[in-house]
>>> print(open('entry_2.tsv').read())   # TSV, C-alpha atoms
chain	number	residue	atom	x	y	z
A	818	MET	CA	93.31	89.96	138.90
A	819	ALA	CA	90.14	91.73	137.67
A	820	LYS	CA	88.78	91.97	141.22
A	821	ARG	CA	92.12	93.29	142.52
A	822	THR	CA	92.25	95.93	139.77
A	823	THR	CA	88.68	97.02	140.52
A	824	PHE	CA	89.51	97.33	144.23
A	825	ILE	CA	92.59	99.44	143.53
A	826	LEU	CA	90.64	101.74	141.20
A	827	LEU	CA	87.81	102.07	143.74
A	828	ALA	CA	90.26	102.96	146.52
A	829	ALA	CA	91.87	105.58	144.31
A	830	PHE	CA	88.48	107.03	143.42
A	831	ILE	CA	87.46	107.38	147.07
A	832	PHE	CA	90.76	109.03	147.96
A	833	LEU	CA	90.33	111.61	145.21
A	834	CYS	CA	86.72	112.31	146.21
A	835	LEU	CA	87.73	112.89	149.83
A	836	GLN	CA	90.06	115.64	148.67
A	837	ALA	CA	87.24	117.50	146.90
A	838	GLN	CA	85.54	120.46	148.48
A	839	ASN	CA	82.42	119.19	150.19
A	840	LYS	CA	80.50	122.37	149.44
A	841	GLN	CA	80.52	121.77	145.68
A	842	ARG	CA	78.04	119.74	143.64
A	843	ARG	CA	81.07	118.13	142.05
A	844	LEU	CA	82.05	114.51	141.48
A	845	ARG	CA	85.32	113.07	140.29
A	846	PRO	CA	85.34	110.59	137.35
A	847	VAL	CA	82.68	107.98	138.01
A	848	LEU	CA	83.55	104.36	138.75
A	849	PHE	CA	80.68	101.86	138.76
A	850	ASN	CA	80.69	98.20	139.65
A	851	THR	CA	77.80	95.78	140.13
A	852	ASP	CA	77.16	96.98	143.69
A	853	THR	CA	77.77	100.72	143.74
A	854	ALA	CA	76.92	103.57	141.37
A	855	PHE	CA	78.50	106.87	142.41
A	856	VAL	CA	76.00	109.50	141.29
A	857	HIS	CA	74.49	112.80	142.39
A	858	ASP	CA	70.97	113.92	141.40
A	859	PRO	CA	70.05	110.82	139.30
A	860	VAL	CA	67.16	110.56	136.86
A	861	MET	CA	66.24	107.67	134.56
A	862	ALA	CA	64.55	106.80	131.29
A	863	TYR	CA	63.71	103.49	129.59
A	864	GLU	CA	63.83	102.70	125.88
A	865	ASN	CA	63.87	99.35	124.04
A	866	GLY	CA	65.02	97.27	127.00
A	867	ILE	CA	67.74	99.68	128.14
A	868	TYR	CA	67.71	101.88	131.23
A	869	TYR	CA	69.38	105.25	130.81
A	870	MET	CA	70.59	107.19	133.84
A	871	PHE	CA	71.61	110.84	133.76
A	872	TYR	CA	73.12	112.75	136.66
A	873	THR	CA	75.20	115.73	137.78
A	874	GLY	CA	78.65	115.68	136.19
A	875	HIS	CA	80.90	117.05	133.51
A	876	ASN	CA	78.91	117.44	130.27
A	877	ILE	CA	75.96	115.71	132.04
A	878	GLY	CA	76.77	112.30	133.50
A	879	PHE	CA	75.40	109.35	131.55
A	880	ALA	CA	75.22	105.58	132.11
A	881	THR	CA	73.21	102.65	130.70
A	882	SER	CA	72.06	99.30	132.05
A	883	LYS	CA	69.95	96.31	131.08
A	884	ASP	CA	68.94	95.48	134.64
A	885	CYS	CA	69.34	98.65	136.75
A	886	LYS	CA	72.16	96.92	138.64
A	887	THR	CA	75.24	96.82	136.42
A	888	TRP	CA	75.87	100.17	134.75
A	889	THR	CA	78.09	101.12	131.83
A	890	VAL	CA	79.42	104.66	132.15
A	891	HIS	CA	79.67	106.81	129.04
A	892	ARG	CA	82.53	109.02	130.12
A	893	ASP	CA	82.10	111.72	127.47
A	894	GLY	CA	78.71	112.56	128.95
A	895	VAL	CA	75.75	113.83	126.96
A	896	LEU	CA	77.06	117.21	125.81
A	897	ARG	CA	80.35	116.96	123.94
A	898	ASP	CA	80.28	120.70	123.27
A	899	ILE	CA	78.91	123.06	125.91
A	900	PRO	CA	76.75	125.74	124.23
A	901	ARG	CA	78.33	129.19	124.32
A	902	TRP	CA	75.14	130.79	125.59
A	903	THR	CA	75.54	128.99	128.94
A	904	HIS	CA	78.76	130.88	129.72
A	905	ASP	CA	77.20	134.20	128.71
A	906	SER	CA	74.14	133.59	130.91
A	907	VAL	CA	75.95	132.27	133.98
A	908	PRO	CA	79.31	133.90	134.85
A	909	GLY	CA	81.72	131.33	136.25
A	910	PHE	CA	79.91	128.33	134.77
A	911	LYS	CA	82.16	125.91	132.86
A	912	ASN	CA	81.11	122.36	132.08
A	913	HIS	CA	79.99	120.80	135.37
A	914	ILE	CA	76.25	120.47	134.74
A	915	TRP	CA	73.79	119.82	137.56
A	916	ALA	CA	70.56	117.95	138.00
A	917	PRO	CA	69.21	117.03	134.55
A	918	ASP	CA	65.71	115.71	133.92
A	919	ILE	CA	64.28	113.85	130.94
A	920	ILE	CA	60.87	113.05	129.46
A	921	GLN	CA	59.49	111.55	126.26
A	922	TRP	CA	56.80	113.84	124.85
A	923	HIS	CA	55.33	114.44	121.39
A	924	GLY	CA	57.48	111.68	119.90
A	925	ARG	CA	60.82	113.12	121.08
A	926	TRP	CA	63.02	113.00	124.15
A	927	TRP	CA	63.49	116.30	125.98
A	928	MET	CA	66.21	116.96	128.54
A	929	ALA	CA	66.51	119.98	130.80
A	930	TYR	CA	69.76	120.69	132.65
A	931	SER	CA	71.08	123.19	135.18
A	932	CYS	CA	73.88	125.72	134.70
A	933	SER	CA	74.88	127.53	137.88
A	934	THR	CA	77.56	128.23	140.45
A	935	PHE	CA	77.23	127.05	144.03
A	936	GLY	CA	75.11	129.16	146.36
A	937	LYS	CA	74.05	131.83	143.83
A	938	ASN	CA	70.86	132.20	141.82
A	939	THR	CA	72.17	133.65	138.59
A	940	SER	CA	71.41	130.39	136.82
A	941	ALA	CA	69.91	128.92	133.67
A	942	ILE	CA	68.04	125.79	132.62
A	943	GLY	CA	69.06	124.59	129.18
A	944	LEU	CA	67.08	122.36	126.84
A	945	LEU	CA	68.17	119.45	124.65
A	946	SER	CA	66.13	117.25	122.31
A	947	CYS	CA	66.75	113.99	120.47
A	948	SER	CA	64.78	111.51	118.37
A	949	SER	CA	65.85	108.45	120.40
A	950	LEU	CA	68.13	107.66	123.32
A	951	GLU	CA	69.84	104.94	121.29
A	952	LYS	CA	70.78	107.40	118.54
A	953	ALA	CA	71.65	110.10	121.09
A	954	ASP	CA	71.29	112.74	118.38
A	955	TRP	CA	70.99	115.49	120.96
A	956	LYS	CA	70.40	119.03	119.73
A	957	ASP	CA	70.91	122.21	121.72
A	958	MET	CA	67.56	124.02	121.94
A	959	GLY	CA	68.89	126.95	123.93
A	960	CYS	CA	67.82	128.39	127.27
A	961	LEU	CA	64.41	127.41	128.62
A	962	VAL	CA	64.40	129.72	131.64
A	963	ALA	CA	66.98	131.81	133.49
A	964	SER	CA	67.17	133.60	136.83
A	965	HIS	CA	69.26	136.60	137.79
A	966	GLY	CA	70.40	137.34	141.32
A	967	GLU	CA	69.51	141.03	141.14
A	968	ARG	CA	66.10	140.40	139.57
A	969	ASP	CA	64.56	137.11	140.70
A	970	ASN	CA	63.77	135.61	144.09
A	971	TRP	CA	64.04	132.06	142.74
A	972	ASN	CA	66.78	129.87	141.29
A	973	ALA	CA	66.64	128.32	137.80
A	974	ILE	CA	68.08	124.90	138.64
A	975	ASP	CA	66.76	121.39	139.41
A	976	PRO	CA	64.18	121.12	136.59
A	977	ASN	CA	61.52	118.42	136.42
A	978	PHE	CA	59.10	117.75	133.56
A	979	ILE	CA	55.59	116.43	134.13
A	980	GLU	CA	52.77	115.74	131.65
A	981	ASP	CA	49.25	116.35	132.95
A	982	GLU	CA	46.16	114.25	132.22
A	983	GLN	CA	45.30	116.44	129.24
A	984	GLY	CA	48.71	115.82	127.67
A	985	ASN	CA	50.08	119.28	128.46
A	986	LEU	CA	53.68	119.66	129.58
A	987	TRP	CA	54.77	121.49	132.74
A	988	MET	CA	58.09	122.15	134.40
A	989	THR	CA	58.79	122.44	138.11
A	990	TRP	CA	62.14	123.67	139.40
A	991	GLY	CA	63.87	125.60	142.15
A	992	SER	CA	66.35	125.69	144.98
A	993	PHE	CA	66.24	127.92	148.10
A	994	TRP	CA	65.20	131.60	147.76
A	995	ASP	CA	61.38	131.56	147.49
A	996	GLY	CA	61.31	127.82	146.94
A	997	ILE	CA	59.87	125.55	144.26
A	998	GLN	CA	58.56	127.18	141.08
A	999	GLN	CA	56.21	125.85	138.40
A	1000	ALA	CA	55.12	126.96	134.93
A	1001	SER	CA	53.36	125.43	131.95
A	1002	LEU	CA	55.27	124.85	128.71
A	1003	ALA	CA	54.24	125.17	125.09
A	1004	VAL	CA	55.58	124.12	121.71
A	1005	THR	CA	57.24	126.77	119.59
A	1006	HIS	CA	59.78	126.75	116.78
A	1007	THR	CA	63.36	127.87	116.36
A	1008	PRO	CA	64.29	130.28	113.54
A	1009	ASP	CA	65.25	127.31	111.37
A	1010	GLY	CA	61.89	125.60	111.91
A	1011	GLN	CA	62.76	123.02	114.58
A	1012	GLU	CA	60.14	122.22	117.21
A	1013	THR	CA	61.16	123.33	120.69
A	1014	LEU	CA	59.65	124.33	124.04
A	1015	CYS	CA	59.04	127.66	125.70
A	1016	MET	CA	57.52	128.97	128.90
A	1017	ALA	CA	53.75	129.43	128.55
A	1018	SER	CA	53.07	130.98	131.96
A	1019	SER	CA	54.93	132.94	134.61
A	1020	PRO	CA	56.72	131.07	137.43
A	1021	ARG	CA	54.63	130.51	140.55
A	1022	THR	CA	55.81	129.26	143.96
A	1023	ILE	CA	54.18	125.94	144.90
A	1024	ALA	CA	56.40	124.82	147.82
A	1025	ARG	CA	58.58	126.42	150.49
A	1026	ARG	CA	60.67	125.02	153.33
A	1027	TYR	CA	59.84	127.92	155.62
A	1028	TYR	CA	56.93	130.33	155.29
A	1029	LYS	CA	56.84	133.36	157.60
A	1030	ASN	CA	58.52	131.26	160.27
A	1031	GLU	CA	62.22	131.08	159.46
A	1032	PRO	CA	64.27	129.93	162.46
A	1033	GLN	CA	65.82	132.78	164.39
A	1034	GLY	CA	69.58	133.03	164.84
A	1035	PHE	CA	70.31	130.32	162.25
A	1036	GLN	CA	72.64	130.66	159.28
A	1037	ASN	CA	72.79	128.70	156.05
A	1038	PRO	CA	75.91	126.51	156.41
A	1039	THR	CA	76.44	126.27	152.64
A	1040	SER	CA	75.84	129.78	151.29
A	1041	LYS	CA	75.32	133.26	152.71
A	1042	TYR	CA	73.41	134.21	149.56
A	1043	ALA	CA	70.77	131.49	149.42
A	1044	GLY	CA	68.99	132.19	152.71
A	1045	LEU	CA	67.26	129.65	154.92
A	1046	ASN	CA	64.50	128.39	152.63
A	1047	ALA	CA	66.17	124.99	152.38
A	1048	ILE	CA	64.02	123.24	149.79
A	1049	GLU	CA	65.00	122.09	146.29
A	1050	ALA	CA	65.02	119.22	143.79
A	1051	PRO	CA	61.29	118.90	143.03
A	1052	PHE	CA	59.90	115.86	141.27
A	1053	ILE	CA	56.21	115.33	140.45
A	1054	PHE	CA	54.87	111.80	139.95
A	1055	ARG	CA	51.32	110.95	138.98
A	1056	HIS	CA	49.64	107.96	140.65
A	1057	GLY	CA	45.92	107.25	140.54
A	1058	GLU	CA	43.92	110.44	141.07
A	1059	TYR	CA	46.80	112.45	142.52
A	1060	TYR	CA	49.97	114.26	141.57
A	1061	TYR	CA	52.69	113.82	144.19
A	1062	LEU	CA	55.28	116.55	144.69
A	1063	PHE	CA	58.51	115.23	146.19
A	1064	ALA	CA	61.11	117.75	147.37
A	1065	SER	CA	64.37	117.67	149.31
A	1066	TRP	CA	64.66	119.65	152.55
A	1067	ASP	CA	67.80	120.94	154.23
A	1068	TYR	CA	71.36	120.64	152.92
A	1069	CYS	CA	73.15	118.55	150.30
A	1070	CYS	CA	76.71	118.41	149.06
A	1071	GLN	CA	78.55	118.29	152.40
A	1072	GLY	CA	79.45	114.62	152.56
A	1073	MET	CA	78.98	113.33	156.10
A	1074	LYS	CA	77.68	116.75	157.16
A	1075	SER	CA	74.78	116.59	154.69
A	1076	THR	CA	71.27	116.74	156.15
A	1077	TYR	CA	69.16	116.10	153.03
A	1078	HIS	CA	65.82	114.30	153.38
A	1079	VAL	CA	62.73	113.96	151.18
A	1080	VAL	CA	59.18	115.13	151.85
A	1081	VAL	CA	55.99	114.85	149.80
A	1082	GLY	CA	52.60	116.45	149.29
A	1083	ARG	CA	49.80	115.66	146.87
A	1084	SER	CA	47.16	117.41	144.78
A	1085	ARG	CA	44.39	116.41	142.41
A	1086	HIS	CA	45.55	119.22	140.13
A	1087	ILE	CA	48.95	119.60	138.48
A	1088	ASP	CA	49.27	123.21	139.65
A	1089	GLY	CA	48.31	122.44	143.25
A	1090	PRO	CA	47.77	123.24	145.97
A	1091	TYR	CA	49.97	120.39	147.23
A	1092	LEU	CA	49.00	119.31	150.76
A	1093	ASP	CA	50.81	117.02	153.18
A	1094	ARG	CA	49.10	114.30	155.24
A	1095	ASP	CA	48.01	116.87	157.81
A	1096	GLY	CA	46.47	119.08	155.14
A	1097	LYS	CA	49.15	121.77	155.35
A	1098	PRO	CA	50.02	123.35	151.98
A	1099	MET	CA	53.59	122.85	150.82
A	1100	SER	CA	53.53	126.51	149.78
A	1101	GLU	CA	53.27	127.30	153.51
A	1102	GLY	CA	55.99	124.93	154.72
A	1103	GLY	CA	54.06	121.65	154.61
A	1104	GLY	CA	55.64	118.33	153.71
A	1105	THR	CA	55.27	114.74	154.91
A	1106	PRO	CA	58.59	112.92	155.46
A	1107	VAL	CA	59.23	110.12	152.96
A	1108	ILE	CA	62.84	109.04	153.45
A	1109	GLN	CA	65.86	110.23	155.39
A	1110	GLY	CA	69.31	109.00	156.32
A	1111	ASP	CA	69.18	105.93	158.57
A	1112	LYS	CA	72.57	106.84	160.15
A	1113	LYS	CA	73.69	103.25	159.54
A	1114	GLU	CA	74.11	102.99	155.77
A	1115	TYR	CA	73.37	106.57	154.73
A	1116	GLU	CA	73.99	109.82	156.59
A	1117	ALA	CA	71.44	111.67	154.43
A	1118	VAL	CA	69.44	111.07	151.25
A	1119	GLY	CA	67.80	113.31	148.69
A	1120	HIS	CA	67.25	114.69	145.19
A	1121	CYS	CA	64.82	111.98	144.18
A	1122	ALA	CA	62.89	110.82	141.13
A	1123	ALA	CA	60.01	108.34	140.71
A	1124	TYR	CA	59.01	106.14	137.76
A	1125	HIS	CA	56.65	103.41	136.68
A	1126	PHE	CA	58.91	100.85	134.99
A	1127	LEU	CA	57.69	97.38	133.93
A	1128	ASP	CA	54.66	97.28	136.26
A	1129	GLU	CA	56.57	98.62	139.29
A	1130	ASP	CA	56.78	102.06	140.84
A	1131	LEU	CA	60.42	102.86	141.47
A	1132	PHE	CA	61.90	105.56	143.72
A	1133	ILE	CA	65.51	106.64	143.19
A	1134	CYS	CA	67.74	109.22	144.85
A	1135	HIS	CA	71.32	109.63	145.99
A	1136	GLY	CA	72.49	108.83	149.51
A	1137	TYR	CA	75.62	109.93	151.32
A	1138	SER	CA	77.26	106.61	152.14
A	1139	ILE	CA	78.63	106.24	155.67
A	1140	ALA	CA	80.87	103.34	154.63
A	1141	LEU	CA	82.36	105.51	151.87
A	1142	GLN	CA	82.86	108.58	154.07
A	1143	GLY	CA	79.94	110.52	152.67
A	1144	GLN	CA	80.30	109.83	148.96
A	1145	PRO	CA	76.96	110.05	147.05
A	1146	VAL	CA	75.68	106.73	145.70
A	1147	LEU	CA	72.55	105.57	143.89
A	1148	ILE	CA	69.62	104.35	145.97
A	1149	GLN	CA	66.74	102.44	144.36
A	1150	LYS	CA	63.62	101.40	146.28
A	1151	PRO	CA	60.12	100.20	145.33
A	1152	ILE	CA	57.22	102.49	146.18
A	1153	ARG	CA	54.47	100.94	148.29
A	1154	TRP	CA	51.17	102.79	148.50
A	1155	GLU	CA	49.10	103.11	151.67
A	1156	ASN	CA	45.84	105.08	151.52
A	1157	ASP	CA	47.13	106.83	148.41
A	1158	TRP	CA	50.37	107.93	150.08
A	1159	PRO	CA	53.83	106.68	149.04
A	1160	VAL	CA	55.81	104.55	151.49
A	1161	ILE	CA	59.56	104.14	150.90
A	1162	GLU	CA	61.30	101.50	153.05
>>> encode(input="entry_2.tsv", output="structure tokens")
Amino acid sequence: MAKRTTFILLAAFIFLCLQAQNKQRRLRPVLFNTDTAFVHDPVMAYENGIYYMFYTGHNIGFATSKDCKTWTVHRDGVLRDIPRWTHDSVPGFKNHIWAPDIIQWHGRWWMAYSCSTFGKNTSAIGLLSCSSLEKADWKDMGCLVASHGERDNWNAIDPNFIEDEQGNLWMTWGSFWDGIQQASLAVTHTPDGQETLCMASSPRTIARRYYKNEPQGFQNPTSKYAGLNAIEAPFIFRHGEYYYLFASWDYCCQGMKSTYHVVVGRSRHIDGPYLDRDGKPMSEGGGTPVIQGDKKEYEAVGHCAAYHFLDEDLFICHGYSIALQGQPVLIQKPIRWENDWPVIE
């Protein structure tokens, strides 16, 4: 009976998802079983034997697991109450929050999240903080950085935190426009004395999809506003002597029409330059392919993250499942290293 009920619920979920507009970063209520986790833009954290996964969804999607296989969904999400400032900063934004990231730093957990509307770059990255993931005593720390369509040639979404070898915190972010941005962060305090983060340097472009060589006669199939610089979802992972910048090229959020794939470059310095295997800077369109849709199980894959959990380097992303008509599902793969370059199989 339990298996029959699960099958009926799964069928209903897929039917509802197929009715959604493919051009939205939007998921219907999540249904997980032991084999499939329906997520978009996943990131993870680990605390006291529990894996925590956060992802795009209403109020920030949130699930927990003891083994990274069977996930318990917390349907209220992370943010029970959406801060009012988000609606003031981003016209049209409601409660569907994109692409969070999380890091433990200075004895607290910090989460950045994206507030935007599809295809436009009037956006904002919000900041939350809590003492422990188990307590989930999240506090709204306001806006970390914002972009405005009439002012900025970059998009304040898809944040990623990274700590450098000196213990300093940086954030990388961006989607389309002039590509991937990076800035250092610093500790400051709110008016009531709480420790928070602020931008310590101006944004700087560290990766582009196209650089002075945009294809002629081509149009962005997802947005007339965003242009052709189809790069987003940065994630920096430190391994050995290098920082590795992963990014997603081409187009997400179109189900079976998605063309997402992941590229990488590396640098000995947190602020770059990031070079691909051929020595081409990612700021000039460089990027070595890491993983793409195999056209058997996944049409396209992207928006990745990488972690060192329990003596293993783990790569995660979402893939557009062919068997499920393009629905985004969690992919987890070990990272193998060859000559200091990541191999994902």
>>> atom_distance(input="entry_2.tsv", atom1="atom CA of Tyr1077 of chain A", atom2="atom CA of Gly1119 of chain A")
5.3 Å
>>> atom_distance(input="entry_2.tsv", atom1="atom CA of Arg968 of chain A", atom2="atom CA of Lys1029 of chain A")
21.5 Å
>>> residues_around(input="entry_2.tsv", residues="segment 970-981 of chain A", least_positions_apart="6", cutoff="8 Å", atoms="all atoms listed in the file", output="PDB file with C-alpha atoms, in the frame of the given file")
ATOM      1  CA  TRP A 915      73.790 119.820 137.560  1.00  0.00           C
ATOM      2  CA  ALA A 916      70.560 117.950 138.000  1.00  0.00           C
ATOM      3  CA  PRO A 917      69.210 117.030 134.550  1.00  0.00           C
ATOM      4  CA  ASP A 918      65.710 115.710 133.920  1.00  0.00           C
ATOM      5  CA  ILE A 919      64.280 113.850 130.940  1.00  0.00           C
ATOM      6  CA  ILE A 920      60.870 113.050 129.460  1.00  0.00           C
ATOM      7  CA  ALA A 929      66.510 119.980 130.800  1.00  0.00           C
ATOM      8  CA  TYR A 930      69.760 120.690 132.650  1.00  0.00           C
ATOM      9  CA  SER A 931      71.080 123.190 135.180  1.00  0.00           C
ATOM     10  CA  CYS A 932      73.880 125.720 134.700  1.00  0.00           C
ATOM     11  CA  SER A 933      74.880 127.530 137.880  1.00  0.00           C
ATOM     12  CA  LYS A 937      74.050 131.830 143.830  1.00  0.00           C
ATOM     13  CA  ASN A 938      70.860 132.200 141.820  1.00  0.00           C
ATOM     14  CA  THR A 939      72.170 133.650 138.590  1.00  0.00           C
ATOM     15  CA  SER A 940      71.410 130.390 136.820  1.00  0.00           C
ATOM     16  CA  ALA A 941      69.910 128.920 133.670  1.00  0.00           C
ATOM     17  CA  ILE A 942      68.040 125.790 132.620  1.00  0.00           C
ATOM     18  CA  VAL A 962      64.400 129.720 131.640  1.00  0.00           C
ATOM     19  CA  ALA A 963      66.980 131.810 133.490  1.00  0.00           C
ATOM     20  CA  SER A 964      67.170 133.600 136.830  1.00  0.00           C
ATOM     21  CA  TRP A 987      54.770 121.490 132.740  1.00  0.00           C
ATOM     22  CA  MET A 988      58.090 122.150 134.400  1.00  0.00           C
ATOM     23  CA  THR A 989      58.790 122.440 138.110  1.00  0.00           C
ATOM     24  CA  TRP A 990      62.140 123.670 139.400  1.00  0.00           C
ATOM     25  CA  GLY A 991      63.870 125.600 142.150  1.00  0.00           C
ATOM     26  CA  SER A 992      66.350 125.690 144.980  1.00  0.00           C
ATOM     27  CA  PHE A 993      66.240 127.920 148.100  1.00  0.00           C
ATOM     28  CA  TRP A 994      65.200 131.600 147.760  1.00  0.00           C
ATOM     29  CA  ASP A 995      61.380 131.560 147.490  1.00  0.00           C
ATOM     30  CA  GLY A 996      61.310 127.820 146.940  1.00  0.00           C
ATOM     31  CA  ILE A 997      59.870 125.550 144.260  1.00  0.00           C
ATOM     32  CA  GLN A 998      58.560 127.180 141.080  1.00  0.00           C
ATOM     33  CA  GLU A1049      65.000 122.090 146.290  1.00  0.00           C
ATOM     34  CA  ALA A1050      65.020 119.220 143.790  1.00  0.00           C
ATOM     35  CA  PRO A1051      61.290 118.900 143.030  1.00  0.00           C
ATOM     36  CA  PHE A1052      59.900 115.860 141.270  1.00  0.00           C
ATOM     37  CA  ILE A1053      56.210 115.330 140.450  1.00  0.00           C
ATOM     38  CA  PHE A1054      54.870 111.800 139.950  1.00  0.00           C
ATOM     39  CA  ILE A1087      48.950 119.600 138.480  1.00  0.00           C
TER      40      ILE A1087
END
>>> atom_distance(input="entry_2.tsv", atom1="atom CA of Gly936 of chain A", atom2="atom CA of Cys1070 of chain A")
11.2 Å
>>> closest_residue(input="entry_2.tsv", among="A:Thr1039, A:Ser1100, A:Asn985, A:Gln1033", to="Ala1017 of chain A", atoms="only C-alpha atoms")
A:Asn985
>>> residues_around(input="entry_2.tsv", residues="segment 868-876 of chain A", least_positions_apart="5", cutoff="8 Å", atoms="only C-alpha atoms", output="count of residues only")
31
>>> closest_residue(input="entry_2.tsv", among="A:Trp1158, A:Tyr1028, A:Phe879, A:Trp1066", to="Val1118 of chain A", atoms="all atoms listed in the file")
A:Trp1066
>>> closest_residue(input="entry_2.tsv", among="A:Ile1048, A:Leu944, A:Ala1003, A:Cys1134", to="Asp1067 of chain A", atoms="all atoms listed in the file")
A:Ile1048
>>> residues_around(input="entry_2.tsv", residues="Ser1019 of chain A", least_positions_apart="2", cutoff="9 Å", atoms="all atoms listed in the file", output="JSON list (two decimals) with C-alpha atoms, in the coordinates of the input")
[["chain", "number", "residue", "atom", "x", "y", "z"],
["A", 999, "GLN", "CA", 56.21, 125.85, 138.40],
["A", 1000, "ALA", "CA", 55.12, 126.96, 134.93],
["A", 1001, "SER", "CA", 53.36, 125.43, 131.95],
["A", 1016, "MET", "CA", 57.52, 128.97, 128.90],
["A", 1017, "ALA", "CA", 53.75, 129.43, 128.55],
["A", 1021, "ARG", "CA", 54.63, 130.51, 140.55]]
>>> residues_around(input="entry_2.tsv", residues="Arg925 of chain A", least_positions_apart="5", cutoff="9 Å", atoms="all atoms listed in the file", output="ChimeraX atom specification")
/A:920,946-949
>>> residues_around(input="entry_2.tsv", residues="Glu1101 of chain A", least_positions_apart="4", cutoff="7 Å", atoms="all atoms listed in the file", output="CSV table (one decimal) with C-alpha atoms, keeping the file's coordinate frame")
chain,number,residue,atom,x,y,z
A,1024,ALA,CA,56.4,124.8,147.8
A,1025,ARG,CA,58.6,126.4,150.5
A,1027,TYR,CA,59.8,127.9,155.6
A,1028,TYR,CA,56.9,130.3,155.3
>>> closest_residue(input="entry_2.tsv", among="A:Trp927, A:Phe935, A:Tyr1124, A:Tyr1137", to="Ala1043 of chain A", atoms="all atoms listed in the file")
A:Phe935
>>> build_atoms(input="entry_2.tsv", residues="segment 879-891 of chain A", atoms="N, CA and C atoms", output="PDB file, in the coordinates of the input")
ATOM      1  N   PHE A 879      76.233 110.214 132.381  1.00  0.00           N
ATOM      2  CA  PHE A 879      75.400 109.350 131.550  1.00  0.00           C
ATOM      3  C   PHE A 879      75.866 107.911 131.695  1.00  0.00           C
ATOM      4  N   ALA A 880      74.917 107.007 131.998  1.00  0.00           N
ATOM      5  CA  ALA A 880      75.220 105.580 132.110  1.00  0.00           C
ATOM      6  C   ALA A 880      74.031 104.768 131.605  1.00  0.00           C
ATOM      7  N   THR A 881      74.282 103.523 131.196  1.00  0.00           N
ATOM      8  CA  THR A 881      73.210 102.650 130.700  1.00  0.00           C
ATOM      9  C   THR A 881      73.287 101.291 131.382  1.00  0.00           C
ATOM     10  N   SER A 882      72.135 100.611 131.412  1.00  0.00           N
ATOM     11  CA  SER A 882      72.060  99.300 132.050  1.00  0.00           C
ATOM     12  C   SER A 882      70.911  98.503 131.454  1.00  0.00           C
ATOM     13  N   LYS A 883      71.034  97.182 131.491  1.00  0.00           N
ATOM     14  CA  LYS A 883      69.950  96.310 131.080  1.00  0.00           C
ATOM     15  C   LYS A 883      69.113  95.829 132.258  1.00  0.00           C
ATOM     16  N   ASP A 884      69.634  96.018 133.481  1.00  0.00           N
ATOM     17  CA  ASP A 884      68.940  95.480 134.640  1.00  0.00           C
ATOM     18  C   ASP A 884      68.867  96.433 135.837  1.00  0.00           C
ATOM     19  N   CYS A 885      69.315  97.668 135.672  1.00  0.00           N
ATOM     20  CA  CYS A 885      69.340  98.650 136.750  1.00  0.00           C
ATOM     21  C   CYS A 885      70.302  98.265 137.880  1.00  0.00           C
ATOM     22  N   LYS A 886      71.192  97.335 137.620  1.00  0.00           N
ATOM     23  CA  LYS A 886      72.160  96.920 138.640  1.00  0.00           C
ATOM     24  C   LYS A 886      73.595  97.159 138.157  1.00  0.00           C
ATOM     25  N   THR A 887      73.916  96.636 136.993  1.00  0.00           N
ATOM     26  CA  THR A 887      75.240  96.820 136.420  1.00  0.00           C
ATOM     27  C   THR A 887      75.171  97.932 135.389  1.00  0.00           C
ATOM     28  N   TRP A 888      75.956  98.982 135.593  1.00  0.00           N
ATOM     29  CA  TRP A 888      75.870 100.170 134.750  1.00  0.00           C
ATOM     30  C   TRP A 888      77.145 100.358 133.942  1.00  0.00           C
ATOM     31  N   THR A 889      76.978 100.744 132.689  1.00  0.00           N
ATOM     32  CA  THR A 889      78.090 101.120 131.830  1.00  0.00           C
ATOM     33  C   THR A 889      78.152 102.637 131.741  1.00  0.00           C
ATOM     34  N   VAL A 890      79.260 103.209 132.135  1.00  0.00           N
ATOM     35  CA  VAL A 890      79.420 104.660 132.150  1.00  0.00           C
ATOM     36  C   VAL A 890      79.904 105.148 130.786  1.00  0.00           C
ATOM     37  N   HIS A 891      79.250 106.172 130.280  1.00  0.00           N
ATOM     38  CA  HIS A 891      79.670 106.810 129.040  1.00  0.00           C
ATOM     39  C   HIS A 891      80.401 108.093 129.427  1.00  0.00           C
TER      40      HIS A 891
END
